[in-house]
$ cat data_26.cif   # mmCIF, C-alpha atoms; chains and numbers go by the auth columns
data_input
#
loop_
_atom_site.group_PDB
_atom_site.id
_atom_site.type_symbol
_atom_site.label_atom_id
_atom_site.label_comp_id
_atom_site.label_asym_id
_atom_site.label_seq_id
_atom_site.Cartn_x
_atom_site.Cartn_y
_atom_site.Cartn_z
_atom_site.B_iso_or_equiv
_atom_site.auth_seq_id
_atom_site.auth_asym_id
ATOM 1 C CA MET A 1 -83.401 -179.140 -224.624 0.00 225 A
ATOM 2 C CA GLY A 2 -81.880 -177.537 -221.547 0.00 226 A
ATOM 3 C CA SER A 3 -81.076 -180.777 -219.759 0.00 227 A
ATOM 4 C CA GLN A 4 -78.415 -182.120 -222.104 0.00 228 A
ATOM 5 C CA VAL A 5 -74.735 -181.398 -222.424 0.00 229 A
ATOM 6 C CA ILE A 6 -74.111 -179.497 -225.664 0.00 230 A
ATOM 7 C CA ASN A 7 -70.766 -180.189 -227.319 0.00 231 A
ATOM 8 C CA LEU A 8 -69.948 -177.314 -229.652 0.00 232 A
ATOM 9 C CA GLN A 9 -67.648 -179.315 -231.957 0.00 233 A
ATOM 10 C CA ASP A 10 -70.239 -182.086 -232.296 0.00 234 A
ATOM 11 C CA LYS A 11 -72.895 -179.537 -233.192 0.00 235 A
ATOM 12 C CA LEU A 12 -70.594 -177.820 -235.692 0.00 236 A
ATOM 13 C CA GLN A 13 -70.233 -181.125 -237.543 0.00 237 A
ATOM 14 C CA LEU A 14 -73.931 -180.867 -238.335 0.00 238 A
ATOM 15 C CA ILE A 15 -73.634 -177.476 -240.014 0.00 239 A
ATOM 16 C CA SER A 16 -72.533 -177.023 -243.604 0.00 240 A
ATOM 17 C CA GLU A 17 -74.448 -173.978 -244.848 0.00 241 A
ATOM 18 C CA HIS A 18 -72.985 -170.542 -244.226 0.00 242 A
ATOM 19 C CA TRP A 19 -74.864 -167.660 -242.570 0.00 243 A
ATOM 20 C CA SER A 20 -77.652 -169.877 -241.230 0.00 244 A
ATOM 21 C CA PRO A 21 -77.630 -169.837 -237.412 0.00 245 A
ATOM 22 C CA LYS A 22 -78.844 -172.959 -235.620 0.00 246 A
ATOM 23 C CA ILE A 23 -80.098 -172.927 -232.037 0.00 247 A
ATOM 24 C CA VAL A 24 -78.152 -175.165 -229.639 0.00 248 A
ATOM 25 C CA ALA A 25 -79.504 -173.986 -226.279 0.00 249 A
ATOM 26 C CA GLN A 26 -82.125 -171.796 -224.667 0.00 250 A
ATOM 27 C CA MET A 27 -81.724 -169.677 -221.522 0.00 251 A
ATOM 28 C CA ASN A 28 -84.912 -167.924 -220.440 0.00 252 A
ATOM 29 C CA ASP A 29 -86.068 -166.150 -223.615 0.00 253 A
ATOM 30 C CA TYR A 30 -82.607 -166.121 -225.184 0.00 254 A
ATOM 31 C CA HIS A 31 -81.071 -168.491 -227.694 0.00 255 A
ATOM 32 C CA LEU A 32 -77.487 -169.639 -228.109 0.00 256 A
ATOM 33 C CA LYS A 33 -76.931 -170.233 -231.822 0.00 257 A
ATOM 34 C CA LEU A 34 -74.047 -171.698 -233.774 0.00 258 A
ATOM 35 C CA VAL A 35 -73.271 -170.347 -237.210 0.00 259 A
ATOM 36 C CA LYS A 36 -70.561 -170.948 -239.789 0.00 260 A
ATOM 37 C CA ILE A 37 -69.722 -167.868 -241.809 0.00 261 A
ATOM 38 C CA GLN A 38 -67.559 -167.142 -244.810 0.00 262 A
ATOM 39 C CA GLY A 39 -67.441 -164.108 -247.089 0.00 263 A
ATOM 40 C CA GLN A 40 -69.396 -160.877 -246.776 0.00 264 A
ATOM 41 C CA PHE A 41 -72.642 -160.517 -244.888 0.00 265 A
ATOM 42 C CA VAL A 42 -74.936 -157.488 -245.231 0.00 266 A
ATOM 43 C CA TRP A 43 -74.973 -154.252 -243.265 0.00 267 A
ATOM 44 C CA HIS A 44 -77.735 -154.475 -240.686 0.00 268 A
ATOM 45 C CA SER A 45 -78.693 -153.647 -237.125 0.00 269 A
ATOM 46 C CA HIS A 46 -80.986 -154.962 -234.422 0.00 270 A
ATOM 47 C CA ALA A 47 -83.138 -152.140 -233.080 0.00 271 A
ATOM 48 C CA GLU A 48 -84.281 -154.007 -229.984 0.00 272 A
ATOM 49 C CA THR A 49 -81.265 -155.906 -228.714 0.00 273 A
ATOM 50 C CA ASP A 50 -77.551 -156.235 -228.179 0.00 274 A
ATOM 51 C CA GLU A 51 -75.960 -159.271 -229.874 0.00 275 A
ATOM 52 C CA VAL A 52 -73.038 -161.360 -228.572 0.00 276 A
ATOM 53 C CA PHE A 53 -70.472 -162.919 -230.922 0.00 277 A
ATOM 54 C CA ILE A 54 -68.137 -165.584 -229.485 0.00 278 A
ATOM 55 C CA VAL A 55 -65.658 -166.984 -232.015 0.00 279 A
ATOM 56 C CA ILE A 56 -65.220 -170.750 -231.585 0.00 280 A
ATOM 57 C CA ASP A 57 -62.929 -171.564 -234.553 0.00 281 A
ATOM 58 C CA GLY A 58 -61.237 -169.276 -237.051 0.00 282 A
ATOM 59 C CA SER A 59 -61.380 -165.522 -237.181 0.00 283 A
ATOM 60 C CA MET A 60 -63.793 -162.877 -238.393 0.00 284 A
ATOM 61 C CA ASP A 61 -64.192 -159.155 -238.747 0.00 285 A
ATOM 62 C CA ILE A 62 -67.161 -157.106 -237.687 0.00 286 A
ATOM 63 C CA GLU A 63 -67.236 -153.963 -239.764 0.00 287 A
ATOM 64 C CA LEU A 64 -68.762 -150.979 -238.026 0.00 288 A
ATOM 65 C CA ARG A 65 -69.494 -147.543 -239.463 0.00 289 A
ATOM 66 C CA HIS A 66 -66.596 -146.139 -237.427 0.00 290 A
ATOM 67 C CA GLY A 67 -64.065 -148.912 -238.081 0.00 291 A
ATOM 68 C CA LYS A 68 -63.868 -152.635 -237.646 0.00 292 A
ATOM 69 C CA VAL A 69 -62.989 -155.200 -235.019 0.00 293 A
ATOM 70 C CA THR A 70 -61.240 -158.508 -235.622 0.00 294 A
ATOM 71 C CA LEU A 71 -62.150 -161.509 -233.488 0.00 295 A
ATOM 72 C CA ASN A 72 -60.108 -164.673 -233.165 0.00 296 A
ATOM 73 C CA SER A 73 -60.990 -167.963 -231.493 0.00 297 A
ATOM 74 C CA GLY A 74 -61.808 -167.403 -227.824 0.00 298 A
ATOM 75 C CA GLU A 75 -62.756 -163.764 -228.314 0.00 299 A
ATOM 76 C CA ILE A 76 -66.075 -162.056 -227.672 0.00 300 A
ATOM 77 C CA TYR A 77 -67.653 -158.882 -228.997 0.00 301 A
ATOM 78 C CA VAL A 78 -70.987 -157.346 -228.108 0.00 302 A
ATOM 79 C CA VAL A 79 -72.672 -155.368 -230.879 0.00 303 A
ATOM 80 C CA ALA A 80 -74.837 -152.830 -229.086 0.00 304 A
ATOM 81 C CA LYS A 81 -78.506 -152.430 -229.859 0.00 305 A
ATOM 82 C CA GLY A 82 -79.099 -150.357 -232.980 0.00 306 A
ATOM 83 C CA VAL A 83 -75.470 -150.340 -234.114 0.00 307 A
ATOM 84 C CA GLU A 84 -74.971 -151.086 -237.806 0.00 308 A
ATOM 85 C CA HIS A 85 -72.539 -153.915 -238.424 0.00 309 A
ATOM 86 C CA LYS A 86 -71.397 -156.209 -241.214 0.00 310 A
ATOM 87 C CA PRO A 87 -69.736 -159.536 -240.380 0.00 311 A
ATOM 88 C CA PHE A 88 -67.004 -160.812 -242.685 0.00 312 A
ATOM 89 C CA ALA A 89 -64.767 -163.873 -242.713 0.00 313 A
ATOM 90 C CA ALA A 90 -62.064 -164.512 -245.305 0.00 314 A
ATOM 91 C CA GLU A 91 -61.969 -168.205 -244.338 0.00 315 A
ATOM 92 C CA GLU A 92 -64.723 -170.258 -242.751 0.00 316 A
ATOM 93 C CA CYS A 93 -65.291 -169.195 -239.144 0.00 317 A
ATOM 94 C CA SER A 94 -67.529 -170.749 -236.484 0.00 318 A
ATOM 95 C CA VAL A 95 -69.338 -168.429 -234.124 0.00 319 A
ATOM 96 C CA LEU A 96 -71.600 -168.793 -231.095 0.00 320 A
ATOM 97 C CA LEU A 97 -74.272 -166.076 -231.018 0.00 321 A
ATOM 98 C CA ILE A 98 -76.332 -165.087 -227.995 0.00 322 A
ATOM 99 C CA GLU A 99 -79.461 -163.057 -228.594 0.00 323 A
ATOM 100 C CA PRO A 100 -83.171 -163.041 -227.789 0.00 324 A
ATOM 101 C CA ALA A 101 -85.211 -165.870 -229.286 0.00 325 A
ATOM 102 C CA GLY A 102 -86.630 -164.787 -232.619 0.00 326 A
ATOM 103 C CA THR A 103 -83.806 -162.403 -233.521 0.00 327 A
ATOM 104 C CA ILE A 104 -83.447 -162.317 -237.322 0.00 328 A
ATOM 105 C CA ASN A 105 -79.884 -162.638 -238.643 0.00 329 A
ATOM 106 C CA THR A 106 -80.222 -159.757 -241.098 0.00 330 A
ATOM 107 C CA GLY A 107 -82.034 -157.520 -238.598 0.00 331 A
ATOM 108 C CA GLU A 108 -83.733 -154.566 -240.281 0.00 332 A
ATOM 109 C CA ALA A 109 -81.991 -155.183 -243.613 0.00 333 A
ATOM 110 C CA GLY A 110 -83.740 -158.306 -244.885 0.00 334 A
ATOM 111 C CA GLY A 111 -82.573 -159.724 -248.207 0.00 335 A
ATOM 112 C CA ASN A 112 -81.648 -163.151 -249.480 0.00 336 A
ATOM 113 C CA LEU A 113 -79.258 -163.991 -246.631 0.00 337 A
ATOM 114 C CA THR A 114 -82.165 -163.869 -244.174 0.00 338 A
ATOM 115 C CA ALA A 115 -82.358 -167.257 -242.425 0.00 339 A
ATOM 116 C CA PRO A 116 -85.008 -168.903 -240.235 0.00 340 A
ATOM 117 C CA SER A 117 -84.607 -167.947 -236.573 0.00 341 A
ATOM 118 C CA ASP A 118 -86.149 -171.092 -235.088 0.00 342 A
ATOM 119 C CA GLU A 119 -84.059 -174.041 -236.329 0.00 343 A
ATOM 120 C CA TRP A 120 -82.440 -176.234 -233.665 0.00 344 A
ATOM 121 C CA ILE A 121 -79.618 -178.676 -234.183 0.00 345 A
ATOM 122 C CA MET B 1 -67.633 -152.082 -222.054 0.00 194 B
ATOM 123 C CA GLY B 2 -69.527 -153.461 -225.027 0.00 195 B
ATOM 124 C CA SER B 3 -67.306 -151.868 -227.649 0.00 196 B
ATOM 125 C CA GLN B 4 -64.116 -153.802 -226.978 0.00 197 B
ATOM 126 C CA VAL B 5 -62.931 -157.210 -228.028 0.00 198 B
ATOM 127 C CA ILE B 6 -62.842 -159.502 -224.992 0.00 199 B
ATOM 128 C CA ASN B 7 -60.140 -162.162 -225.052 0.00 200 B
ATOM 129 C CA LEU B 8 -61.112 -164.944 -222.660 0.00 201 B
ATOM 130 C CA GLN B 9 -57.571 -166.196 -222.025 0.00 202 B
ATOM 131 C CA ASP B 10 -56.351 -162.657 -221.299 0.00 203 B
ATOM 132 C CA LYS B 11 -59.195 -162.153 -218.838 0.00 204 B
ATOM 133 C CA LEU B 12 -58.530 -165.521 -217.175 0.00 205 B
ATOM 134 C CA GLN B 13 -54.954 -164.397 -216.455 0.00 206 B
ATOM 135 C CA LEU B 14 -56.473 -161.751 -214.177 0.00 207 B
ATOM 136 C CA ILE B 15 -58.366 -164.266 -212.036 0.00 208 B
ATOM 137 C CA SER B 16 -56.774 -166.215 -209.208 0.00 209 B
ATOM 138 C CA GLU B 17 -59.540 -166.663 -206.634 0.00 210 B
ATOM 139 C CA HIS B 18 -61.888 -169.611 -207.016 0.00 211 B
ATOM 140 C CA TRP B 19 -65.696 -169.340 -207.062 0.00 212 B
ATOM 141 C CA SER B 20 -65.708 -165.578 -207.590 0.00 213 B
ATOM 142 C CA PRO B 21 -67.294 -164.752 -210.969 0.00 214 B
ATOM 143 C CA LYS B 22 -66.077 -161.624 -212.763 0.00 215 B
ATOM 144 C CA ILE B 23 -68.118 -159.835 -215.404 0.00 216 B
ATOM 145 C CA VAL B 24 -66.459 -159.587 -218.831 0.00 217 B
ATOM 146 C CA ALA B 25 -69.369 -158.410 -220.978 0.00 218 B
ATOM 147 C CA GLN B 26 -72.935 -157.170 -220.828 0.00 219 B
ATOM 148 C CA MET B 27 -75.726 -157.958 -223.298 0.00 220 B
ATOM 149 C CA ASN B 28 -78.984 -156.150 -222.552 0.00 221 B
ATOM 150 C CA ASP B 29 -79.620 -156.930 -218.863 0.00 222 B
ATOM 151 C CA TYR B 30 -77.471 -160.076 -218.896 0.00 223 B
ATOM 152 C CA HIS B 31 -73.869 -160.540 -217.834 0.00 224 B
ATOM 153 C CA LEU B 32 -71.199 -162.853 -219.201 0.00 225 B
ATOM 154 C CA LYS B 33 -68.965 -163.820 -216.287 0.00 226 B
ATOM 155 C CA LEU B 34 -65.719 -165.750 -216.070 0.00 227 B
ATOM 156 C CA VAL B 35 -65.046 -167.894 -213.049 0.00 228 B
ATOM 157 C CA LYS B 36 -62.325 -170.317 -212.009 0.00 229 B
ATOM 158 C CA ILE B 37 -63.587 -173.159 -209.884 0.00 230 B
ATOM 159 C CA GLN B 38 -61.981 -175.969 -207.943 0.00 231 B
ATOM 160 C CA GLY B 39 -63.405 -178.285 -205.298 0.00 232 B
ATOM 161 C CA GLN B 40 -66.982 -178.450 -204.058 0.00 233 B
ATOM 162 C CA PHE B 41 -69.485 -175.630 -204.307 0.00 234 B
ATOM 163 C CA VAL B 42 -72.785 -175.563 -202.383 0.00 235 B
ATOM 164 C CA TRP B 43 -76.186 -176.901 -203.360 0.00 236 B
ATOM 165 C CA HIS B 44 -78.273 -173.969 -204.558 0.00 237 B
ATOM 166 C CA SER B 45 -80.824 -172.862 -207.128 0.00 238 B
ATOM 167 C CA HIS B 46 -81.883 -169.677 -208.872 0.00 239 B
ATOM 168 C CA ALA B 47 -85.644 -169.222 -208.535 0.00 240 B
ATOM 169 C CA GLU B 48 -85.921 -166.568 -211.226 0.00 241 B
ATOM 170 C CA THR B 49 -83.587 -167.637 -214.011 0.00 242 B
ATOM 171 C CA ASP B 50 -81.903 -170.301 -216.077 0.00 243 B
ATOM 172 C CA GLU B 51 -78.086 -170.256 -215.927 0.00 244 B
ATOM 173 C CA VAL B 52 -75.658 -171.137 -218.733 0.00 245 B
ATOM 174 C CA PHE B 53 -72.317 -172.857 -218.068 0.00 246 B
ATOM 175 C CA ILE B 54 -69.750 -172.903 -220.892 0.00 247 B
ATOM 176 C CA VAL B 55 -66.495 -174.675 -219.995 0.00 248 B
ATOM 177 C CA ILE B 56 -63.479 -172.823 -221.407 0.00 249 B
ATOM 178 C CA ASP B 57 -60.608 -174.868 -219.907 0.00 250 B
ATOM 179 C CA GLY B 58 -60.656 -178.065 -217.870 0.00 251 B
ATOM 180 C CA SER B 59 -63.667 -180.081 -216.851 0.00 252 B
ATOM 181 C CA MET B 60 -66.349 -179.904 -214.197 0.00 253 B
ATOM 182 C CA ASP B 61 -69.355 -181.737 -212.872 0.00 254 B
ATOM 183 C CA ILE B 62 -72.737 -180.274 -212.141 0.00 255 B
ATOM 184 C CA GLU B 63 -74.426 -182.432 -209.562 0.00 256 B
ATOM 185 C CA LEU B 64 -78.200 -182.489 -209.799 0.00 257 B
ATOM 186 C CA ARG B 65 -80.679 -184.160 -207.450 0.00 258 B
ATOM 187 C CA HIS B 66 -81.364 -186.787 -210.125 0.00 259 B
ATOM 188 C CA GLY B 67 -77.774 -187.404 -211.219 0.00 260 B
ATOM 189 C CA LYS B 68 -74.877 -185.392 -212.515 0.00 261 B
ATOM 190 C CA VAL B 69 -73.509 -184.065 -215.782 0.00 262 B
ATOM 191 C CA THR B 70 -69.847 -183.753 -216.702 0.00 263 B
ATOM 192 C CA LEU B 71 -68.723 -180.864 -218.891 0.00 264 B
ATOM 193 C CA ASN B 72 -65.425 -180.662 -220.733 0.00 265 B
ATOM 194 C CA SER B 73 -63.865 -177.747 -222.589 0.00 266 B
ATOM 195 C CA GLY B 74 -66.175 -176.566 -225.373 0.00 267 B
ATOM 196 C CA GLU B 75 -69.301 -177.950 -223.732 0.00 268 B
ATOM 197 C CA ILE B 76 -72.396 -176.102 -222.550 0.00 269 B
ATOM 198 C CA TYR B 77 -75.079 -176.909 -220.015 0.00 270 B
ATOM 199 C CA VAL B 78 -78.151 -174.906 -219.087 0.00 271 B
ATOM 200 C CA VAL B 79 -79.340 -175.291 -215.495 0.00 272 B
ATOM 201 C CA ALA B 80 -83.044 -174.568 -215.619 0.00 273 B
ATOM 202 C CA LYS B 81 -84.682 -172.034 -213.333 0.00 274 B
ATOM 203 C CA GLY B 82 -85.332 -173.428 -209.870 0.00 275 B
ATOM 204 C CA VAL B 83 -83.264 -176.599 -210.363 0.00 276 B
ATOM 205 C CA GLU B 84 -80.946 -177.417 -207.473 0.00 277 B
ATOM 206 C CA HIS B 85 -77.359 -177.917 -208.569 0.00 278 B
ATOM 207 C CA LYS B 86 -73.885 -178.196 -207.091 0.00 279 B
ATOM 208 C CA PRO B 87 -70.836 -177.475 -209.262 0.00 280 B
ATOM 209 C CA PHE B 88 -67.662 -179.465 -208.630 0.00 281 B
ATOM 210 C CA ALA B 89 -64.214 -179.545 -210.211 0.00 282 B
ATOM 211 C CA ALA B 90 -61.451 -181.932 -209.168 0.00 283 B
ATOM 212 C CA GLU B 91 -58.854 -179.729 -210.905 0.00 284 B
ATOM 213 C CA GLU B 92 -59.077 -176.032 -211.646 0.00 285 B
ATOM 214 C CA CYS B 93 -61.651 -175.348 -214.346 0.00 286 B
ATOM 215 C CA SER B 94 -62.485 -172.092 -216.132 0.00 287 B
ATOM 216 C CA VAL B 95 -66.107 -171.404 -216.945 0.00 288 B
ATOM 217 C CA LEU B 96 -68.058 -168.715 -218.779 0.00 289 B
ATOM 218 C CA LEU B 97 -71.432 -168.079 -217.138 0.00 290 B
ATOM 219 C CA ILE B 98 -74.373 -166.291 -218.742 0.00 291 B
ATOM 220 C CA GLU B 99 -77.121 -165.056 -216.472 0.00 292 B
ATOM 221 C CA PRO B 100 -79.099 -161.925 -215.656 0.00 293 B
ATOM 222 C CA ALA B 101 -77.131 -159.054 -214.144 0.00 294 B
ATOM 223 C CA GLY B 102 -77.260 -159.280 -210.362 0.00 295 B
ATOM 224 C CA THR B 103 -77.545 -163.070 -210.186 0.00 296 B
ATOM 225 C CA ILE B 104 -75.902 -164.271 -206.971 0.00 297 B
ATOM 226 C CA ASN B 105 -73.536 -167.239 -207.326 0.00 298 B
ATOM 227 C CA THR B 106 -74.982 -169.136 -204.367 0.00 299 B
ATOM 228 C CA GLY B 107 -78.594 -168.374 -205.337 0.00 300 B
ATOM 229 C CA GLU B 108 -81.007 -169.052 -202.492 0.00 301 B
ATOM 230 C CA ALA B 109 -78.396 -170.850 -200.388 0.00 302 B
ATOM 231 C CA GLY B 110 -76.143 -167.999 -199.246 0.00 303 B
ATOM 232 C CA GLY B 111 -73.139 -168.904 -197.113 0.00 304 B
ATOM 233 C CA ASN B 112 -69.477 -168.033 -197.136 0.00 305 B
ATOM 234 C CA LEU B 113 -68.912 -168.808 -200.830 0.00 306 B
ATOM 235 C CA THR B 114 -71.292 -165.991 -201.775 0.00 307 B
ATOM 236 C CA ALA B 115 -69.389 -163.546 -204.014 0.00 308 B
ATOM 237 C CA PRO B 116 -70.139 -160.023 -205.232 0.00 309 B
ATOM 238 C CA SER B 117 -72.229 -160.044 -208.413 0.00 310 B
ATOM 239 C CA ASP B 118 -70.997 -156.707 -209.807 0.00 311 B
ATOM 240 C CA GLU B 119 -67.226 -157.030 -210.246 0.00 312 B
ATOM 241 C CA TRP B 120 -65.842 -156.481 -213.753 0.00 313 B
ATOM 242 C CA ILE B 121 -62.452 -157.482 -215.017 0.00 314 B
#

$ encode --input "data_26.cif" --output "structure tokens"
Amino acid sequence: MGSQVINLQDKLQLISEHWSPKIVAQMNDYHLKLVKIQGQFVWHSHAETDEVFIVIDGSMDIELRHGKVTLNSGEIYVVAKGVEHKPFAAEECSVLLIEPAGTINTGEAGGNLTAPSDEWI
Amino acid sequence: MGSQVINLQDKLQLISEHWSPKIVAQMNDYHLKLVKIQGQFVWHSHAETDEVFIVIDGSMDIELRHGKVTLNSGEIYVVAKGVEHKPFAAEECSVLLIEPAGTINTGEAGGNLTAPSDEWI
């Protein structure tokens, strides 16, 4: 999968479901995942890893226990390992995530928004 | 550095030199680096790691021993560990790189395009 050009807009056309990250590329033991989000996610954290959010289209908030950050297209935020966060998007937003292969979207929280971590598009 | 929103266009305004990657974010032991490129780079490889190219503005080629790939804005390519490659851009192109902290831009090749691997902007 690493020897093809990945066009983010083409891949986004293949995604309709919200909050279900799809792998588009692998680098060493990390995955680059595209996800469309809208509405409220759940508070969660990832005990073992930082997590990179890169907004491709739209805008989103990442609520943190000490405040929140707003990300627009072309902006990046790194949620540090162990930090509780809750993504939110008023309108549909497309995000590129970078995190270790196998990282679960809901982290320690679980619940019905938990998505498979191994689906490629 | 991981607790701030990183705006790629704002960071690109701070870069004038070509072929000199600047770190904009850290995730675990990986760096996200912005680089402006123009002209021919050198053939090189990275024996220990894959390397992600994400084109932010413009277009570039990555020459490979078996052909070449062309990347436009919004496209990603992963150069696999150990694979010889030579980046090229006819016009100035802005690229986001993802690779382990300390990765040297010229890999095993060295030479006068070798840049520091620890400069943040």

$ residues_near_point --input "data_26.cif" --point "(-78.3, -173.3, -203.1)" --cutoff "7 Å" --atoms "only C-alpha atoms" --output "MDAnalysis selection string"
chainID B and resid 235:238 277 299:303

$ residues_around --input "data_26.cif" --residues "Asn231 of chain A" --least-positions-apart "3" --cutoff "12 Å" --atoms "all atoms listed in the file" --output "ChimeraX atom specification"
/A:228,234-238,248-249,258,280,345 /B:246-249,263-270

$ closest_residue --input "data_26.cif" --among "A:Ile261, A:Ala271, A:Val293, A:Ile239" --to "chain B" --atoms "all atoms listed in the file"
A:Val293

$ closest_residue --input "data_26.cif" --among "B:Gln219, B:Ser213, B:Ser252, B:Thr242" --to "Glu285 of chain B" --atoms "all atoms listed in the file"
B:Ser252

$ resolve_selection --input "data_26.cif" --expression "the PyMOL selection byres ((chain B and resi 289-295) around 7)" --output "MDAnalysis selection string"
chainID B and resid 222:228 244:249 288 296:297 310:311

$ closest_residue --input "data_26.cif" --among "A:Trp344, A:Cys317, A:Asp285, A:Glu241" --to "chain B" --atoms "only C-alpha atoms"
A:Asp285

$ decode --input "data_26.cif" --residues "segment 261-283 of chain A" --atoms "N, CA and C atoms" --output "PDB file, in the first residue's frame"
ATOM      1  N   ILE A 261     -16.055  13.647  10.593  1.00  0.00           N
ATOM      2  CA  ILE A 261     -16.683  13.764  11.905  1.00  0.00           C
ATOM      3  C   ILE A 261     -17.783  14.815  11.854  1.00  0.00           C
ATOM      4  N   GLN A 262     -18.774  14.616  12.676  1.00  0.00           N
ATOM      5  CA  GLN A 262     -19.814  15.633  12.862  1.00  0.00           C
ATOM      6  C   GLN A 262     -20.524  15.339  14.174  1.00  0.00           C
ATOM      7  N   GLY A 263     -20.743  16.385  14.964  1.00  0.00           N
ATOM      8  CA  GLY A 263     -21.391  16.227  16.263  1.00  0.00           C
ATOM      9  C   GLY A 263     -20.367  15.993  17.364  1.00  0.00           C
ATOM     10  N   GLN A 264     -20.863  15.427  18.453  1.00  0.00           N
ATOM     11  CA  GLN A 264     -20.054  15.219  19.663  1.00  0.00           C
ATOM     12  C   GLN A 264     -19.448  13.822  19.668  1.00  0.00           C
ATOM     13  N   PHE A 265     -18.176  13.744  19.976  1.00  0.00           N
ATOM     14  CA  PHE A 265     -17.565  12.444  20.244  1.00  0.00           C
ATOM     15  C   PHE A 265     -17.605  12.215  21.760  1.00  0.00           C
ATOM     16  N   VAL A 266     -16.854  11.259  22.244  1.00  0.00           N
ATOM     17  CA  VAL A 266     -16.837  10.976  23.688  1.00  0.00           C
ATOM     18  C   VAL A 266     -15.496  11.413  24.282  1.00  0.00           C
ATOM     19  N   TRP A 267     -15.522  11.783  25.554  1.00  0.00           N
ATOM     20  CA  TRP A 267     -14.267  12.021  26.266  1.00  0.00           C
ATOM     21  C   TRP A 267     -13.466  10.731  26.302  1.00  0.00           C
ATOM     22  N   HIS A 268     -12.184  10.831  25.954  1.00  0.00           N
ATOM     23  CA  HIS A 268     -11.326   9.650  26.020  1.00  0.00           C
ATOM     24  C   HIS A 268      -9.867  10.087  26.017  1.00  0.00           C
ATOM     25  N   SER A 269      -8.993   9.132  26.245  1.00  0.00           N
ATOM     26  CA  SER A 269      -7.556   9.404  26.131  1.00  0.00           C
ATOM     27  C   SER A 269      -6.870   8.149  25.624  1.00  0.00           C
ATOM     28  N   HIS A 270      -5.616   8.339  25.196  1.00  0.00           N
ATOM     29  CA  HIS A 270      -4.810   7.221  24.721  1.00  0.00           C
ATOM     30  C   HIS A 270      -3.587   7.138  25.629  1.00  0.00           C
ATOM     31  N   ALA A 271      -3.564   6.118  26.479  1.00  0.00           N
ATOM     32  CA  ALA A 271      -2.533   6.054  27.523  1.00  0.00           C
ATOM     33  C   ALA A 271      -1.133   5.865  26.967  1.00  0.00           C
ATOM     34  N   GLU A 272      -1.048   5.296  25.750  1.00  0.00           N
ATOM     35  CA  GLU A 272       0.261   4.882  25.245  1.00  0.00           C
ATOM     36  C   GLU A 272       0.815   5.760  24.145  1.00  0.00           C
ATOM     37  N   THR A 273       0.036   6.737  23.665  1.00  0.00           N
ATOM     38  CA  THR A 273       0.526   7.451  22.480  1.00  0.00           C
ATOM     39  C   THR A 273      -0.041   8.853  22.340  1.00  0.00           C
ATOM     40  N   ASP A 274       0.775   9.729  21.762  1.00  0.00           N
ATOM     41  CA  ASP A 274       0.284  10.994  21.226  1.00  0.00           C
ATOM     42  C   ASP A 274      -0.593  10.691  20.002  1.00  0.00           C
ATOM     43  N   GLU A 275      -1.395  11.694  19.597  1.00  0.00           N
ATOM     44  CA  GLU A 275      -2.273  11.524  18.432  1.00  0.00           C
ATOM     45  C   GLU A 275      -2.275  12.845  17.655  1.00  0.00           C
ATOM     46  N   VAL A 276      -2.026  12.767  16.348  1.00  0.00           N
ATOM     47  CA  VAL A 276      -1.999  13.959  15.500  1.00  0.00           C
ATOM     48  C   VAL A 276      -3.317  14.123  14.765  1.00  0.00           C
ATOM     49  N   PHE A 277      -3.886  15.319  14.840  1.00  0.00           N
ATOM     50  CA  PHE A 277      -5.057  15.716  14.050  1.00  0.00           C
ATOM     51  C   PHE A 277      -4.605  16.738  13.008  1.00  0.00           C
ATOM     52  N   ILE A 278      -4.902  16.483  11.734  1.00  0.00           N
ATOM     53  CA  ILE A 278      -4.665  17.458  10.669  1.00  0.00           C
ATOM     54  C   ILE A 278      -6.008  17.678   9.966  1.00  0.00           C
ATOM     55  N   VAL A 279      -6.542  18.899  10.051  1.00  0.00           N
ATOM     56  CA  VAL A 279      -7.847  19.150   9.431  1.00  0.00           C
ATOM     57  C   VAL A 279      -7.660  19.376   7.925  1.00  0.00           C
ATOM     58  N   ILE A 280      -8.384  18.591   7.138  1.00  0.00           N
ATOM     59  CA  ILE A 280      -8.300  18.663   5.674  1.00  0.00           C
ATOM     60  C   ILE A 280      -9.388  19.589   5.120  1.00  0.00           C
ATOM     61  N   ASP A 281     -10.609  19.419   5.566  1.00  0.00           N
ATOM     62  CA  ASP A 281     -11.744  20.267   5.139  1.00  0.00           C
ATOM     63  C   ASP A 281     -12.611  20.556   6.350  1.00  0.00           C
ATOM     64  N   GLY A 282     -13.074  21.793   6.463  1.00  0.00           N
ATOM     65  CA  GLY A 282     -13.979  22.149   7.548  1.00  0.00           C
ATOM     66  C   GLY A 282     -13.234  22.614   8.779  1.00  0.00           C
ATOM     67  N   SER A 283     -13.944  22.586   9.904  1.00  0.00           N
ATOM     68  CA  SER A 283     -13.294  22.954  11.156  1.00  0.00           C
ATOM     69  C   SER A 283     -13.865  22.110  12.290  1.00  0.00           C
TER      70      SER A 283
END
